>>> print(open('start07.cif').read())   # mmCIF, C-alpha atoms
data_structure
loop_
_atom_site.group_PDB
_atom_site.id
_atom_site.type_symbol
_atom_site.label_atom_id
_atom_site.label_comp_id
_atom_site.auth_asym_id
_atom_site.auth_seq_id
_atom_site.Cartn_x
_atom_site.Cartn_y
_atom_site.Cartn_z
ATOM 1 C CA MET O 1070 31.703 44.340 100.339
ATOM 2 C CA LEU O 1071 28.528 44.512 98.270
ATOM 3 C CA LYS O 1072 26.933 41.220 97.241
ATOM 4 C CA LEU O 1073 24.489 40.828 94.359
ATOM 5 C CA VAL O 1074 22.840 37.471 93.660
ATOM 6 C CA VAL O 1075 21.013 36.897 90.376
ATOM 7 C CA TRP O 1076 18.876 33.828 91.038
ATOM 8 C CA ASP O 1077 18.201 31.103 88.497
ATOM 9 C CA VAL O 1078 14.411 31.455 88.390
ATOM 10 C CA GLN O 1079 13.420 29.803 85.127
ATOM 11 C CA ARG O 1080 11.534 32.283 82.949
ATOM 12 C CA GLY O 1081 11.358 35.077 85.508
ATOM 13 C CA ASN O 1082 13.633 37.512 87.240
ATOM 14 C CA ALA O 1083 14.786 37.756 90.861
ATOM 15 C CA ALA O 1084 17.858 39.250 92.540
ATOM 16 C CA TYR O 1085 19.115 39.931 96.048
ATOM 17 C CA LEU O 1086 21.400 42.738 97.184
ATOM 18 C CA ARG O 1087 23.215 42.843 100.525
ATOM 19 C CA THR O 1088 24.929 46.131 101.274
ATOM 20 C CA PRO O 1089 28.209 46.495 103.195
ATOM 21 C CA ASN O 1090 26.336 47.477 106.378
ATOM 22 C CA GLY O 1091 23.862 44.620 106.147
ATOM 23 C CA LYS O 1092 20.822 46.107 104.410
ATOM 24 C CA HIS O 1093 18.758 43.527 102.527
ATOM 25 C CA ILE O 1094 17.202 44.512 99.194
ATOM 26 C CA VAL O 1095 15.281 42.302 96.772
ATOM 27 C CA ILE O 1096 14.717 43.126 93.104
ATOM 28 C CA ASP O 1097 11.788 41.261 91.522
ATOM 29 C CA LEU O 1098 10.052 38.129 92.783
ATOM 30 C CA GLY O 1099 10.526 35.353 90.242
ATOM 31 C CA THR O 1100 10.460 31.693 91.328
ATOM 32 C CA GLY O 1101 11.724 28.285 90.282
ATOM 33 C CA SER O 1102 15.123 26.925 89.344
ATOM 34 C CA TYR O 1103 15.800 25.750 85.805
ATOM 35 C CA LYS O 1104 19.235 24.290 86.485
ATOM 36 C CA GLY O 1105 18.007 22.728 89.721
ATOM 37 C CA ARG O 1106 14.866 21.422 88.007
ATOM 38 C CA ASP O 1107 12.777 22.777 90.839
ATOM 39 C CA SER O 1108 9.710 24.757 89.805
ATOM 40 C CA THR O 1109 8.877 25.499 93.465
ATOM 41 C CA PHE O 1110 12.134 27.250 94.464
ATOM 42 C CA SER O 1111 11.367 30.490 96.324
ATOM 43 C CA PRO O 1112 14.223 33.005 96.669
ATOM 44 C CA LEU O 1113 12.365 34.696 99.538
ATOM 45 C CA LEU O 1114 12.022 31.484 101.525
ATOM 46 C CA HIS O 1115 15.639 30.612 100.736
ATOM 47 C CA LEU O 1116 16.793 33.975 102.094
ATOM 48 C CA ARG O 1117 14.749 33.440 105.254
ATOM 49 C CA ASP O 1118 15.628 29.802 105.886
ATOM 50 C CA MET O 1119 19.210 29.552 104.588
ATOM 51 C CA TRP O 1120 20.582 33.104 104.850
ATOM 52 C CA ASP O 1121 18.878 34.056 108.140
ATOM 53 C CA VAL O 1122 17.295 37.129 106.543
ATOM 54 C CA SER O 1123 14.329 37.906 108.780
ATOM 55 C CA LYS O 1124 13.466 41.327 107.374
ATOM 56 C CA LEU O 1125 13.887 43.108 104.035
ATOM 57 C CA ASP O 1126 14.769 46.781 104.009
ATOM 58 C CA CYS O 1127 13.504 47.298 100.470
ATOM 59 C CA VAL O 1128 11.749 45.459 97.644
ATOM 60 C CA ILE O 1129 11.922 46.804 94.094
ATOM 61 C CA ILE O 1130 9.495 45.338 91.556
ATOM 62 C CA THR O 1131 10.439 46.411 88.061
ATOM 63 C CA HIS O 1132 6.926 45.842 86.677
ATOM 64 C CA PRO O 1133 3.917 43.689 87.612
ATOM 65 C CA HIS O 1134 4.078 40.899 85.041
ATOM 66 C CA LEU O 1135 3.528 37.544 86.714
ATOM 67 C CA ASP O 1136 7.054 36.249 86.050
ATOM 68 C CA HIS O 1137 8.411 39.185 88.077
ATOM 69 C CA ILE O 1138 5.980 38.835 91.022
ATOM 70 C CA ASP O 1139 5.523 35.057 91.182
ATOM 71 C CA ASP O 1140 6.906 34.854 94.754
ATOM 72 C CA VAL O 1141 4.527 37.528 96.026
ATOM 73 C CA LEU O 1142 2.596 35.189 98.343
ATOM 74 C CA ASN O 1143 5.744 34.988 100.507
ATOM 75 C CA TYR O 1144 6.212 38.768 100.500
ATOM 76 C CA TYR O 1145 5.060 39.485 104.050
ATOM 77 C CA LEU O 1146 7.102 36.640 105.551
ATOM 78 C CA LEU O 1147 10.163 38.901 105.317
ATOM 79 C CA LYS O 1148 8.382 42.051 106.568
ATOM 80 C CA PRO O 1149 9.576 44.543 103.927
ATOM 81 C CA SER O 1150 9.910 48.155 105.072
ATOM 82 C CA PHE O 1151 9.725 49.823 101.663
ATOM 83 C CA LEU O 1152 8.346 48.937 98.226
ATOM 84 C CA SER O 1153 9.340 50.612 94.959
ATOM 85 C CA ARG O 1154 7.373 49.824 91.795
ATOM 86 C CA PRO O 1155 5.670 51.657 88.881
ATOM 87 C CA ARG O 1156 2.895 53.143 91.009
ATOM 88 C CA HIS O 1157 1.244 55.008 88.113
ATOM 89 C CA LEU O 1158 -0.180 51.806 86.595
ATOM 90 C CA THR O 1159 -3.866 51.258 87.344
ATOM 91 C CA VAL O 1160 -5.565 48.096 88.557
ATOM 92 C CA ASP O 1161 -7.315 47.670 85.196
ATOM 93 C CA GLU O 1162 -4.045 48.082 83.293
ATOM 94 C CA ILE O 1163 -2.311 45.478 85.434
ATOM 95 C CA TRP O 1164 -5.112 42.933 84.960
ATOM 96 C CA ALA O 1165 -5.305 43.628 81.210
ATOM 97 C CA ASN O 1166 -1.581 42.945 80.828
ATOM 98 C CA ASN O 1167 -1.654 39.666 82.755
ATOM 99 C CA LEU O 1168 -3.645 37.054 80.882
ATOM 100 C CA VAL O 1169 -3.816 34.515 83.688
ATOM 101 C CA GLU O 1170 -5.641 31.224 83.953
ATOM 102 C CA GLY O 1171 -6.054 29.308 87.182
ATOM 103 C CA ASN O 1172 -6.838 30.422 90.701
ATOM 104 C CA ASP O 1173 -3.196 30.340 91.834
ATOM 105 C CA LYS O 1174 -2.091 32.919 89.260
ATOM 106 C CA LYS O 1175 -5.112 35.127 89.899
ATOM 107 C CA LEU O 1176 -4.394 34.994 93.620
ATOM 108 C CA LYS O 1177 -0.855 36.280 93.010
ATOM 109 C CA ILE O 1178 -2.093 39.236 90.965
ATOM 110 C CA GLU O 1179 -4.664 40.015 93.652
ATOM 111 C CA GLU O 1180 -1.981 39.840 96.356
ATOM 112 C CA TYR O 1181 0.270 42.208 94.406
ATOM 113 C CA LEU O 1182 -2.588 44.681 93.955
ATOM 114 C CA GLU O 1183 -3.346 44.559 97.673
ATOM 115 C CA ILE O 1184 0.303 45.191 98.551
ATOM 116 C CA ASN O 1185 0.456 47.971 95.968
ATOM 117 C CA LYS O 1186 -2.539 49.624 97.644
ATOM 118 C CA ILE O 1187 -1.210 49.287 101.197
ATOM 119 C CA PHE O 1188 2.327 50.585 100.678
ATOM 120 C CA SER O 1189 2.510 54.357 100.340
ATOM 121 C CA GLY O 1190 5.588 54.217 98.129
ATOM 122 C CA GLU O 1191 7.385 56.838 100.204
ATOM 123 C CA PRO O 1192 10.755 55.635 101.571
ATOM 124 C CA LEU O 1193 11.113 55.395 105.292
ATOM 125 C CA ASP O 1194 13.743 57.350 107.145
ATOM 126 C CA PRO O 1195 16.455 56.197 106.802
ATOM 127 C CA ASP O 1196 15.961 55.426 103.111
ATOM 128 C CA PRO O 1197 17.875 52.154 102.399
ATOM 129 C CA THR O 1198 18.659 53.204 98.823
ATOM 130 C CA LYS O 1199 20.760 56.190 99.966
ATOM 131 C CA PRO O 1200 24.547 55.754 100.331
ATOM 132 C CA ALA O 1201 24.606 57.334 103.793
ATOM 133 C CA ASN O 1202 22.241 54.634 105.069
ATOM 134 C CA ASN O 1203 23.499 51.490 103.333
ATOM 135 C CA GLY O 1204 27.275 51.540 103.635
ATOM 136 C CA GLY O 1205 28.048 53.721 100.640
ATOM 137 C CA VAL O 1206 26.048 52.069 97.853
ATOM 138 C CA ASP O 1207 24.456 54.500 95.395
ATOM 139 C CA ILE O 1208 21.154 53.028 94.191
ATOM 140 C CA GLN O 1209 19.274 55.097 91.633
ATOM 141 C CA ILE O 1210 15.779 54.146 90.471
ATOM 142 C CA PHE O 1211 14.318 55.441 87.196
ATOM 143 C CA LYS O 1212 10.639 55.031 86.328
ATOM 144 C CA PRO O 1213 9.446 55.574 82.750
ATOM 145 C CA THR O 1214 5.861 56.825 82.491
ATOM 146 C CA THR O 1215 5.080 58.176 79.003
ATOM 147 C CA CYS O 1216 4.782 55.008 76.876
ATOM 148 C CA ALA O 1217 1.417 53.466 76.018
ATOM 149 C CA ARG O 1218 0.131 51.364 78.879
ATOM 150 C CA ASN O 1219 -0.935 48.382 76.811
ATOM 151 C CA ASN O 1220 2.609 47.046 77.285
ATOM 152 C CA LEU O 1221 3.840 46.933 80.889
ATOM 153 C CA ASN O 1222 7.365 46.116 79.697
ATOM 154 C CA ASN O 1223 7.800 49.752 78.698
ATOM 155 C CA HIS O 1224 7.013 50.847 82.249
ATOM 156 C CA SER O 1225 9.811 48.817 83.816
ATOM 157 C CA VAL O 1226 11.686 50.390 86.715
ATOM 158 C CA THR O 1227 15.408 50.521 85.913
ATOM 159 C CA ILE O 1228 18.066 50.492 88.633
ATOM 160 C CA THR O 1229 21.732 51.493 88.727
ATOM 161 C CA ILE O 1230 23.868 50.174 91.595
ATOM 162 C CA SER O 1231 27.258 51.814 92.161
ATOM 163 C CA TYR O 1232 29.837 50.994 94.809
ATOM 164 C CA GLN O 1233 33.565 51.712 95.123
ATOM 165 C CA GLY O 1234 33.932 52.628 91.453
ATOM 166 C CA CYS O 1235 31.979 49.572 90.206
ATOM 167 C CA LYS O 1236 28.522 49.721 88.616
ATOM 168 C CA VAL O 1237 25.661 47.371 87.681
ATOM 169 C CA LEU O 1238 22.654 48.264 85.523
ATOM 170 C CA MET O 1239 19.492 46.253 86.261
ATOM 171 C CA PRO O 1240 16.457 46.913 84.047
ATOM 172 C CA GLY O 1241 13.216 45.002 83.851
ATOM 173 C CA ASP O 1242 11.706 43.993 80.522
ATOM 174 C CA ASN O 1243 12.440 47.327 78.856
ATOM 175 C CA GLU O 1244 11.838 47.572 75.122
ATOM 176 C CA PRO O 1245 13.117 50.298 72.734
ATOM 177 C CA LEU O 1246 10.331 52.817 73.442
ATOM 178 C CA CYS O 1247 11.129 52.636 77.140
ATOM 179 C CA TRP O 1248 14.858 52.988 76.497
ATOM 180 C CA GLU O 1249 14.257 56.016 74.294
ATOM 181 C CA GLU O 1250 12.296 57.721 77.076
ATOM 182 C CA LEU O 1251 14.978 56.982 79.671
ATOM 183 C CA LEU O 1252 17.870 57.987 77.417
ATOM 184 C CA SER O 1253 16.219 61.361 76.812
ATOM 185 C CA GLN O 1254 16.905 62.151 80.498
ATOM 186 C CA PRO O 1255 20.379 63.588 81.250
ATOM 187 C CA ALA O 1256 20.294 62.139 84.778
ATOM 188 C CA PHE O 1257 19.771 58.633 83.396
ATOM 189 C CA ARG O 1258 22.542 58.968 80.825
ATOM 190 C CA GLU O 1259 24.877 60.110 83.580
ATOM 191 C CA ALA O 1260 23.796 57.280 85.879
ATOM 192 C CA ILE O 1261 24.518 54.492 83.360
ATOM 193 C CA ALA O 1262 27.887 55.862 82.221
ATOM 194 C CA GLY O 1263 30.675 53.451 83.091
ATOM 195 C CA THR O 1264 28.420 50.438 83.728
ATOM 196 C CA ASP O 1265 30.570 47.343 84.325
ATOM 197 C CA ILE O 1266 27.858 44.662 84.446
ATOM 198 C CA LEU O 1267 24.569 44.766 82.546
ATOM 199 C CA VAL O 1268 21.698 42.516 83.528
ATOM 200 C CA ALA O 1269 20.134 42.208 80.094
ATOM 201 C CA PRO O 1270 16.604 43.586 79.718
ATOM 202 C CA HIS O 1271 13.678 41.351 78.784
ATOM 203 C CA HIS O 1272 15.573 38.136 79.663
ATOM 204 C CA GLY O 1273 18.117 38.814 76.921
ATOM 205 C CA ARG O 1274 15.592 38.755 74.090
ATOM 206 C CA GLU O 1275 15.876 40.817 70.928
ATOM 207 C CA LEU O 1276 12.817 42.810 72.026
ATOM 208 C CA GLY O 1277 14.858 44.374 74.828
ATOM 209 C CA TYR O 1278 18.075 45.044 72.918
ATOM 210 C CA HIS O 1279 18.694 48.736 72.191
ATOM 211 C CA SER O 1280 21.957 49.659 70.493
ATOM 212 C CA ASP O 1281 21.807 53.296 71.629
ATOM 213 C CA LEU O 1282 22.481 52.152 75.194
ATOM 214 C CA PHE O 1283 26.031 51.272 74.248
ATOM 215 C CA LYS O 1284 26.840 54.827 73.250
ATOM 216 C CA TYR O 1285 27.081 55.513 76.994
ATOM 217 C CA PHE O 1286 28.847 52.403 78.307
ATOM 218 C CA LYS O 1287 30.505 49.163 77.210
ATOM 219 C CA PRO O 1288 29.850 46.427 79.774
ATOM 220 C CA ARG O 1289 32.560 44.061 80.868
ATOM 221 C CA LEU O 1290 29.940 41.342 81.356
ATOM 222 C CA THR O 1291 26.277 40.822 80.451
ATOM 223 C CA VAL O 1292 24.095 38.624 82.669
ATOM 224 C CA ILE O 1293 20.913 37.088 81.241
ATOM 225 C CA SER O 1294 18.120 35.700 83.413
ATOM 226 C CA ALA O 1295 16.412 33.129 81.210
ATOM 227 C CA GLY O 1296 15.169 29.656 82.032
ATOM 228 C CA ARG O 1297 14.857 28.045 78.636
ATOM 229 C CA PHE O 1298 16.385 28.319 75.201
ATOM 230 C CA ASP O 1299 14.850 31.188 73.270
ATOM 231 C CA ASP O 1300 15.469 31.496 69.528
ATOM 232 C CA LYS O 1301 14.795 35.230 69.921
ATOM 233 C CA SER O 1302 17.784 35.638 72.241
ATOM 234 C CA ALA O 1303 20.144 38.563 71.643
ATOM 235 C CA MET O 1304 23.035 36.880 73.490
ATOM 236 C CA GLU O 1305 25.286 37.027 70.440
ATOM 237 C CA ARG O 1306 24.702 40.779 70.136
ATOM 238 C CA TYR O 1307 25.415 41.330 73.824
ATOM 239 C CA GLY O 1308 28.583 39.301 73.428
ATOM 240 C CA LYS O 1309 29.807 41.685 70.741
ATOM 241 C CA VAL O 1310 29.396 44.783 72.933
ATOM 242 C CA SER O 1311 30.775 43.204 76.144
ATOM 243 C CA SER O 1312 34.538 43.213 76.687
ATOM 244 C CA GLY O 1313 34.752 40.083 78.884
ATOM 245 C CA TRP O 1314 35.482 39.258 82.527
ATOM 246 C CA THR O 1315 36.876 36.387 84.590
ATOM 247 C CA VAL O 1316 34.160 34.126 86.001
ATOM 248 C CA HIS O 1317 34.885 31.633 88.785
ATOM 249 C CA LYS O 1318 33.086 28.339 88.178
ATOM 250 C CA GLY O 1319 34.215 26.422 91.259
ATOM 251 C CA PHE O 1320 36.820 23.671 91.695
ATOM 252 C CA GLY O 1321 39.493 26.209 90.726
ATOM 253 C CA ILE O 1322 38.054 26.655 87.229
ATOM 254 C CA ASP O 1323 38.093 30.202 85.829
ATOM 255 C CA GLU O 1324 36.682 31.239 82.473
ATOM 256 C CA GLN O 1325 36.821 34.405 80.431
ATOM 257 C CA ARG O 1326 33.217 35.185 79.575
ATOM 258 C CA LYS O 1327 31.324 37.996 77.880
ATOM 259 C CA CYS O 1328 27.846 36.700 78.728
ATOM 260 C CA LEU O 1329 26.374 34.533 81.468
ATOM 261 C CA ASN O 1330 22.948 32.902 81.284
ATOM 262 C CA THR O 1331 21.176 31.515 84.358
ATOM 263 C CA ARG O 1332 19.749 28.725 82.209
ATOM 264 C CA ASP O 1333 23.230 27.308 81.625
ATOM 265 C CA ASP O 1334 25.300 28.916 84.390
ATOM 266 C CA GLY O 1335 22.870 28.720 87.306
ATOM 267 C CA VAL O 1336 22.912 31.227 90.159
ATOM 268 C CA ILE O 1337 25.283 34.146 89.547
ATOM 269 C CA VAL O 1338 26.960 35.891 92.499
ATOM 270 C CA ILE O 1339 28.683 39.250 92.065
ATOM 271 C CA ASP O 1340 30.854 40.755 94.824
ATOM 272 C CA MET O 1341 32.111 44.333 94.589
ATOM 273 C CA GLY O 1342 34.388 46.316 96.866
ATOM 274 C CA THR O 1343 38.021 47.269 97.387
ATOM 275 C CA ASN O 1344 40.943 44.954 98.056
ATOM 276 C CA SER O 1345 43.729 45.255 100.635
ATOM 277 C CA GLU O 1346 45.417 47.816 98.387
ATOM 278 C CA LYS O 1347 42.216 49.907 98.309
ATOM 279 C CA ARG O 1348 41.693 49.132 94.637
ATOM 280 C CA PRO O 1349 38.179 48.362 93.308
ATOM 281 C CA PHE O 1350 37.392 44.755 92.441
ATOM 282 C CA ILE O 1351 34.530 42.781 90.912
ATOM 283 C CA SER O 1352 34.381 39.037 91.591
ATOM 284 C CA VAL O 1353 31.864 36.894 89.677
ATOM 285 C CA ASN O 1354 30.956 33.323 90.613
ATOM 286 C CA ALA O 1355 28.567 31.186 88.570
ATOM 287 C CA GLY O 1356 27.047 27.753 88.982
ATOM 288 C CA MET O 1357 27.215 27.412 92.761
ATOM 289 C CA PRO O 1358 24.149 25.673 94.266
ATOM 290 C CA PRO O 1359 22.059 27.984 96.478
ATOM 291 C CA LEU O 1360 22.979 25.955 99.580
ATOM 292 C CA ALA O 1361 26.700 26.385 98.885
ATOM 293 C CA ILE O 1362 26.213 30.134 98.413
ATOM 294 C CA ALA O 1363 24.422 30.317 101.746
ATOM 295 C CA LEU O 1364 27.202 28.435 103.552
ATOM 296 C CA LEU O 1365 29.881 30.633 101.964
ATOM 297 C CA SER O 1366 27.889 33.725 102.881
ATOM 298 C CA HIS O 1367 27.878 32.725 106.559
ATOM 299 C CA LEU O 1368 31.659 32.298 106.460
ATOM 300 C CA LEU O 1369 32.236 35.728 104.918
ATOM 301 C CA TYR O 1370 29.861 37.789 107.056
#
>>> encode(input="start07.cif", output="structure tokens")
Amino acid sequence: MLKLVVWDVQRGNAAYLRTPNGKHIVIDLGTGSYKGRDSTFSPLLHLRDMWDVSKLDCVIITHPHLDHIDDVLNYYLLKPSFLSRPRHLTVDEIWANNLVEGNDKKLKIEEYLEINKIFSGEPLDPDPTKPANNGGVDIQIFKPTTCARNNLNNHSVTITISYQGCKVLMPGDNEPLCWEELLSQPAFREAIAGTDILVAPHHGRELGYHSDLFKYFKPRLTVISAGRFDDKSAMERYGKVSSGWTVHKGFGIDEQRKCLNTRDDGVIVIDMGTNSEKRPFISVNAGMPPLAIALLSHLLY
């Protein structure tokens, strides 16, 4: 079974992927918990202390805006083997696109830049993103490069995750110019075809919505990582293009939903695999406290 956790990290983005053969992959390094009212929540420390994850096989940072790298000071505690990020961005461009005040925020940017310099960017052998090495999960990473560099959002790494006939699309803060570049690539159009679950770009805001995407797939469910109400949200538009899926809310409560939002629904856990009849399944749970997810994870693995 493949497990994907979309953490409730307030205004940022952070996700964790555990492959069927036990590879550990993290996508983005947001922090905090809106629903838990805990601005200090660290997904990396939670994985280490509650999930017994001592080492990460891969970290993917979609782009180096502070809300996507806020947990970077804990990066080395989990000894990552491989880092994927938009390597073409320069130090000056990263600083110019992060208007930070306070020593703590500056320290995080400096730490990211140091990590960016140290890691070669070449995957180790065996590459954890390849199906042969991770239990059959096809992870494809697409990196736009041609947009103007005064907006890091348009240089967001975009990931497709496919397993047993099920597919998730996880972008960063992509805006229309970025989507246009990616959609011009036949390999990208092929990769996103048949997407079941979309993690909405740019925290579900209108700035990230691009109608041309939905010429190539119609998601069953859209997941939005957002920690506060935003009057620029495109949730209603995503609801119109999503067909709906059963979401388990705990205590035997199931809901038919087209969109989930971490602000209201908390941590979102997606399991994908095949059942006893060898048929593909997608199971979505929302609203479980991180501790309960950890305890359930130990029972299942």
>>> resolve_selection(input="start07.cif", expression="the PyMOL selection byres ((chain O and resi 1238-1243) around 7)", output="number ranges by chain")
O: 1131-1132, 1222-1223, 1225-1230, 1236-1237, 1244-1245, 1247-1248, 1261, 1264, 1266-1268, 1270-1271, 1277
>>> write_last_selection(input="start07.cif", atoms="C-alpha atoms", output="PDB file, in the frame of the given file")
ATOM      1  CA  THR O1131      10.439  46.411  88.061  1.00  0.00           C
ATOM      2  CA  HIS O1132       6.926  45.842  86.677  1.00  0.00           C
ATOM      3  CA  ASN O1222       7.365  46.116  79.697  1.00  0.00           C
ATOM      4  CA  ASN O1223       7.800  49.752  78.698  1.00  0.00           C
ATOM      5  CA  SER O1225       9.811  48.817  83.816  1.00  0.00           C
ATOM      6  CA  VAL O1226      11.686  50.390  86.715  1.00  0.00           C
ATOM      7  CA  THR O1227      15.408  50.521  85.913  1.00  0.00           C
ATOM      8  CA  ILE O1228      18.066  50.492  88.633  1.00  0.00           C
ATOM      9  CA  THR O1229      21.732  51.493  88.727  1.00  0.00           C
ATOM     10  CA  ILE O1230      23.868  50.174  91.595  1.00  0.00           C
ATOM     11  CA  LYS O1236      28.522  49.721  88.616  1.00  0.00           C
ATOM     12  CA  VAL O1237      25.661  47.371  87.681  1.00  0.00           C
ATOM     13  CA  GLU O1244      11.838  47.572  75.122  1.00  0.00           C
ATOM     14  CA  PRO O1245      13.117  50.298  72.734  1.00  0.00           C
ATOM     15  CA  CYS O1247      11.129  52.636  77.140  1.00  0.00           C
ATOM     16  CA  TRP O1248      14.858  52.988  76.497  1.00  0.00           C
ATOM     17  CA  ILE O1261      24.518  54.492  83.360  1.00  0.00           C
ATOM     18  CA  THR O1264      28.420  50.438  83.728  1.00  0.00           C
ATOM     19  CA  ILE O1266      27.858  44.662  84.446  1.00  0.00           C
ATOM     20  CA  LEU O1267      24.569  44.766  82.546  1.00  0.00           C
ATOM     21  CA  VAL O1268      21.698  42.516  83.528  1.00  0.00           C
ATOM     22  CA  PRO O1270      16.604  43.586  79.718  1.00  0.00           C
ATOM     23  CA  HIS O1271      13.678  41.351  78.784  1.00  0.00           C
ATOM     24  CA  GLY O1277      14.858  44.374  74.828  1.00  0.00           C
TER      25      GLY O1277
END
>>> resolve_selection(input="start07.cif", expression="the PyMOL selection byres ((chain O and resi 1199) around 12)", output="list in words")
Thr1088, Lys1092, Asp1126, Cys1127, Pro1192, Leu1193, Asp1194, Pro1195, Asp1196, Pro1197, Thr1198, Pro1200, Ala1201, Asn1202, Asn1203, Gly1204, Gly1205, Val1206, Asp1207, Ile1208, Gln1209, Ile1210, Ile1230, Ser1231 and Tyr1232 of chain O
>>> residues_around(input="start07.cif", residues="Asn1330 (chain O)", least_positions_apart="6", cutoff="7 Å", atoms="only C-alpha atoms", output="list in words")
Val1292, Ile1293, Ser1294 and Ala1295 of chain O
>>> residues_near_point(input="start07.cif", point="(24.7, 43.2, 74.2)", cutoff="9 Å", atoms="only C-alpha atoms", output="PyMOL selection string")
chain O and resi 1267+1269+1273+1278-1280+1283+1287-1288+1291+1303-1311+1328
>>> residues_around(input="start07.cif", residues="Lys1175 (chain O)", least_positions_apart="4", cutoff="12 Å", atoms="all atoms listed in the file", output="ChimeraX atom specification")
/O:1134-1135,1138-1139,1141-1142,1163-1164,1167-1171,1179-1182
>>> axis_aligned_box(input="start07.cif", around="region 1084-1089 of chain O", padding_each_side="4 Å", output="JSON")
{"center_x": 23.0, "center_y": 42.9, "center_z": 97.9, "size_x": 18.4, "size_y": 15.2, "size_z": 18.7}
>>> atom_distance(input="start07.cif", atom1="CA of Leu1221 (chain O)", atom2="CA of Asp1173 (chain O)")
21.1 Å
>>> atom_distance(input="start07.cif", atom1="CA of Asn1219 (chain O)", atom2="CA of Leu1158 (chain O)")
10.4 Å
>>> closest_residue(input="start07.cif", among="O:Ile1178, O:Ala1355, O:Ile1094, O:Leu1251", to="Val1338 (chain O)", atoms="all atoms listed in the file")
O:Ala1355
>>> closest_residue(input="start07.cif", among="O:Lys1124, O:Arg1348, O:Arg1117, O:Arg1080", to="Thr1100 (chain O)", atoms="all atoms listed in the file")
O:Arg1080
>>> atom_distance(input="start07.cif", atom1="CA of Asn1220 (chain O)", atom2="CA of Glu1250 (chain O)")
14.4 Å
>>> closest_residue(input="start07.cif", among="O:Asp1077, O:Asp1107, O:Asp1121, O:Glu1249", to="Val1336 (chain O)", atoms="all atoms listed in the file")
O:Asp1077
>>> resolve_selection(input="start07.cif", expression="the PyMOL selection byres ((chain O and resi 1315) around 6)", output="PyMOL selection string")
chain O and resi 1314+1316+1324-1325
>>> closest_residue(input="start07.cif", among="O:Lys1301, O:Lys1104, O:Arg1156, O:Arg1087", to="Met1341 (chain O)", atoms="only C-alpha atoms")
O:Arg1087
>>> closest_residue(input="start07.cif", among="O:Cys1235, O:Leu1125, O:Leu1071, O:Ala1083", to="Phe1350 (chain O)", atoms="only C-alpha atoms")
O:Cys1235
>>> residues_around(input="start07.cif", residues="Val1122 (chain O)", least_positions_apart="6", cutoff="9 Å", atoms="only C-alpha atoms", output="JSON, numbers by chain")
{"O": [1093, 1113, 1115, 1116, 1147]}
>>> write_last_selection(input="start07.cif", atoms="C-alpha atoms", output="PDB file, in the coordinates of the input")
ATOM      1  CA  HIS O1093      18.758  43.527 102.527  1.00  0.00           C
ATOM      2  CA  LEU O1113      12.365  34.696  99.538  1.00  0.00           C
ATOM      3  CA  HIS O1115      15.639  30.612 100.736  1.00  0.00           C
ATOM      4  CA  LEU O1116      16.793  33.975 102.094  1.00  0.00           C
ATOM      5  CA  LEU O1147      10.163  38.901 105.317  1.00  0.00           C
TER       6      LEU O1147
END
